[in-house]
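Structure first, then comments.
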Amino acid sequence: LAGAGGVDLILLVIDAREGVMPQTREHLAILDLLGIRDGLVVLTKKDLVDAEWLELVRQDVDEALAGTFLAEARVVEVSAVTGEGMAGLLADISALAPRIRRKPRGGPFRMPIDRVITVPGIGTVVTGTVWRGEVRVGQSLELFPGGGRARVRSLESHGQAQDGLFAGQRAAIALTGLKQSALRGMVLAAEGSQRPTRLFDARVRLLQDAPSALGHRDRVRVYLGTAEVLGRALLLEGDELAAGEDGLVQISLERDLAAEAKDHFVLRTYSPMRTIGGGTLIHANAPRLHRRRNAAVLARLVRAERGTAEERVLEALAAEPFASAAPLAARLGETVDAVRGALDVLRAREELVAFGDPAVYVPRDSPGQWVQAGVNALEEYFAKSRYDLSASRSVFVQALRGRGLDAKRAEDVLRLAVREGTVELQGERVKLRGREIVLGAADSELRARVLAALLEGGFDPPGLAAMQTWAAGRERAVDNVLHVLEQQDLVVFLSPDVPVAASVAHSAAVRAQALFREGGPFTVAQFRDAVGTSRKHAVALLEYLDRQKVTRRVGDARECLVSAGEP
């Protein structure tokens, strides 16, 4: 099984003395489940049997191959001892070779590891058949699932050193930087190109001679690529699959597996180990357990399995947006060129749009829906916090994280909302376009009184505690109107309990600049006398100006960092 996944053309070898054996039938079934569709049948040791026996074996072979992908294959009789038939076998192989469908060189490199060896002077070497893409000496690759990263030290194919290898070739890859040795069954691939799974959707087919039916939640052995993983079969259409039947199934795995859509796999019973069937992945990373016997779920899976390239691309982007052509191709089990063609068609039909930087694709209506989701979250926030003119940008971003967008894409949506004018972004705060704080009569009256008192108090303002006495029983109202005045840039806080009018803070900055211009660094006492306030308020004003980068403390004095008129 480990080596069969990369085979293009098979030779089904049958010993002429023994005929078709049970293992031969199992091998044939596995090749069929893995999607191999071309090959030859080779009867060996012809020199050890007579003509009558050979004819019986031919009949046995014909019966065994009936109804299989090798039913029409040539049967070549050979003897390795006498050489009879060997030249014809080579000619038949050469004749079949042009029919082999080339594996895709485009897209990220992918190779299941079927062997691991240690070579003196070189180190760890892994071998396998390249399933997709290309690899070059010096390239950084990643081991999936969860095996870390390594660099390609050297490459060989059939004993010949190479600078690069491509899909379809056998590869021996010497790796450096490995931190683990249990590599057989893993996938060596381009960095970040694989998404290990523990739950996938598939169509499963049981063999005609399967020794038992497959029941819902049966424990099974899953063979995919060069990996073997235990899991449970979750039947979506009924309670069991009988021999010869196929159906839609989810496989829940007991450990991570690197897989992609359209991968073929083989199923064997847990114990005793017998091959019962296999299948093809529809979704390699199923987002959730599906409801069984649900018509909508089944229809969606059939559409993903058999729909047009455009339909499958749209469905993939609806489930997981923000993808470019190469990742989409890997998710769908398609070539990059086929996906690019589908994307061009869908863009021409205005069914999807490019979004973000770097550009990725999303369904046409998605950006507007995401912006609205962020706006809805802001409106809910302001309904509870009516004295806030703006909200933390995290309110907008987290609403989108809840819809499955990562932080980067949520920020892309926020920037889109800003460009559209739906929201305004002020540092880390987000404001809805046109939002104003509407105060009731009592709050409006209190706001006017507080602002007048702060303007009148100047450099010696009334403290928060003093103002709260004006609203006996409504102390929180004073906090609220001060919060509103601060957002309207009419009030600043020197400390949590010392608010001043913003114009007063500006005047303090102008006085500080004048002192510095006239005599250089100045003390707290000099500043106190210049503004005519108490030492307490002078210190608070200067510490506020320090935070605003207007002044800087140098020993016991202050110097100005900006010129007059800049605050």
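For the structure tokens, the naming scheme is as follows: chains receive sequential letters (A, B, ...) according to their order of presentation, residues are indexed from 1 within each chain, and ligands are indexed from 1 in presentation order.
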
Near segment 487-503 of chain A, within 6 Å and counting only C-alpha atoms, which residues show up once chain neighbours fewer than 5 positions away are dropped, as a compact mmCIF listing (two decimals) with all heavy atoms, in the first residue's frame?
# COMPACT_ATOMS: atom_id res chain seq x y z
N LEU A 454 -15.31 74.25 34.54
CA LEU A 454 -13.92 73.97 34.18
C LEU A 454 -13.29 75.15 33.45
O LEU A 454 -12.10 75.46 33.65
CB LEU A 454 -13.85 72.71 33.32
CG LEU A 454 -14.21 71.39 34.03
CD1 LEU A 454 -14.20 70.23 33.05
CD2 LEU A 454 -13.22 71.11 35.17
N LEU A 455 -14.07 75.82 32.60
CA LEU A 455 -13.55 77.00 31.91
C LEU A 455 -13.29 78.13 32.91
O LEU A 455 -12.26 78.82 32.83
CB LEU A 455 -14.52 77.44 30.82
CG LEU A 455 -14.63 76.53 29.60
CD1 LEU A 455 -15.81 76.93 28.73
CD2 LEU A 455 -13.34 76.56 28.79
N GLY A 463 -12.30 69.81 41.42
CA GLY A 463 -12.02 68.38 41.28
C GLY A 463 -13.27 67.59 40.99
O GLY A 463 -14.39 68.09 41.08
N LEU A 464 -13.08 66.33 40.65
CA LEU A 464 -14.20 65.46 40.33
C LEU A 464 -15.15 65.31 41.52
O LEU A 464 -16.37 65.36 41.37
CB LEU A 464 -13.68 64.08 39.90
CG LEU A 464 -14.71 63.02 39.52
CD1 LEU A 464 -15.55 63.48 38.34
CD2 LEU A 464 -14.03 61.70 39.21
N ALA A 540 0.47 68.49 38.23
CA ALA A 540 -0.42 67.70 37.39
C ALA A 540 -0.39 68.17 35.94
O ALA A 540 -0.40 67.36 35.01
CB ALA A 540 -1.84 67.75 37.95
N TYR A 544 1.03 66.03 32.70
CA TYR A 544 0.19 65.85 31.51
C TYR A 544 0.95 66.28 30.26
O TYR A 544 0.95 65.57 29.24
CB TYR A 544 -1.10 66.66 31.64
CG TYR A 544 -1.90 66.74 30.36
CD1 TYR A 544 -2.68 65.69 29.92
CD2 TYR A 544 -1.83 67.89 29.56
CE1 TYR A 544 -3.39 65.76 28.74
CE2 TYR A 544 -2.54 67.98 28.38
CZ TYR A 544 -3.31 66.90 27.96
OH TYR A 544 -4.01 66.98 26.78

*Could you name the residues that touch segment 49-66 of chain A at 8 Å or less, counting only C-alpha atoms, but leaving out those on the same chain fewer than 6 positions away, as a list in words?*
Ala16, Arg17, Gly19, Val20 and Arg25 of chain A

Can I get the residues of segment 302-400 of chain A within 12 Å of segment 127-131 of chain A, each with the closest pair of atoms and their distance in Å to one decimal, using only C-alpha atoms, sorted chain first then ascending number, as JSON lines?
{"residue": "A:Ala330", "atom": "CA", "partner": "A:Trp131", "partner_atom": "CA", "distance": 11.6}
{"residue": "A:Gly333", "atom": "CA", "partner": "A:Trp131", "partner_atom": "CA", "distance": 11.4}
{"residue": "A:Thr335", "atom": "CA", "partner": "A:Trp131", "partner_atom": "CA", "distance": 11.8}

Prev. selection, N, CA, C and O atoms, output as a short mmCIF file (atom, residue, chain, number, x, y, z; two decimals), in the first residue's frame:
data_model
loop_
_atom_site.label_atom_id
_atom_site.label_comp_id
_atom_site.auth_asym_id
_atom_site.auth_seq_id
_atom_site.Cartn_x
_atom_site.Cartn_y
_atom_site.Cartn_z
N ALA A 330 -5.29 22.86 -4.10
CA ALA A 330 -4.94 21.81 -3.15
C ALA A 330 -6.18 21.35 -2.38
O ALA A 330 -6.37 20.14 -2.17
N GLY A 333 -8.41 19.36 -4.89
CA GLY A 333 -7.82 18.25 -5.63
C GLY A 333 -7.80 18.50 -7.12
O GLY A 333 -7.86 17.56 -7.91
N THR A 335 -6.06 20.85 -10.60
CA THR A 335 -4.84 21.51 -11.02
C THR A 335 -4.99 23.02 -10.83
O THR A 335 -6.12 23.55 -10.82
#

*Mind checking which residues fall within 10 Å of segment 106-108 of chain A, counting only C-alpha atoms, ignoring those fewer than 2 positions away in the same chain, and posting them as a PyMOL selection string?*
chain A and resi 103-104+110+131-135+166-167+189-194+325-330+334-337

_Computed interatomic separation between atom CA of Leu214 of chain A and atom CA of Gly67 of chain A (Å)_ =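 If I compute the distance from atom CA of Leu214 of chain A to atom CA of Gly67 of chain A, I get 22.7 Å.
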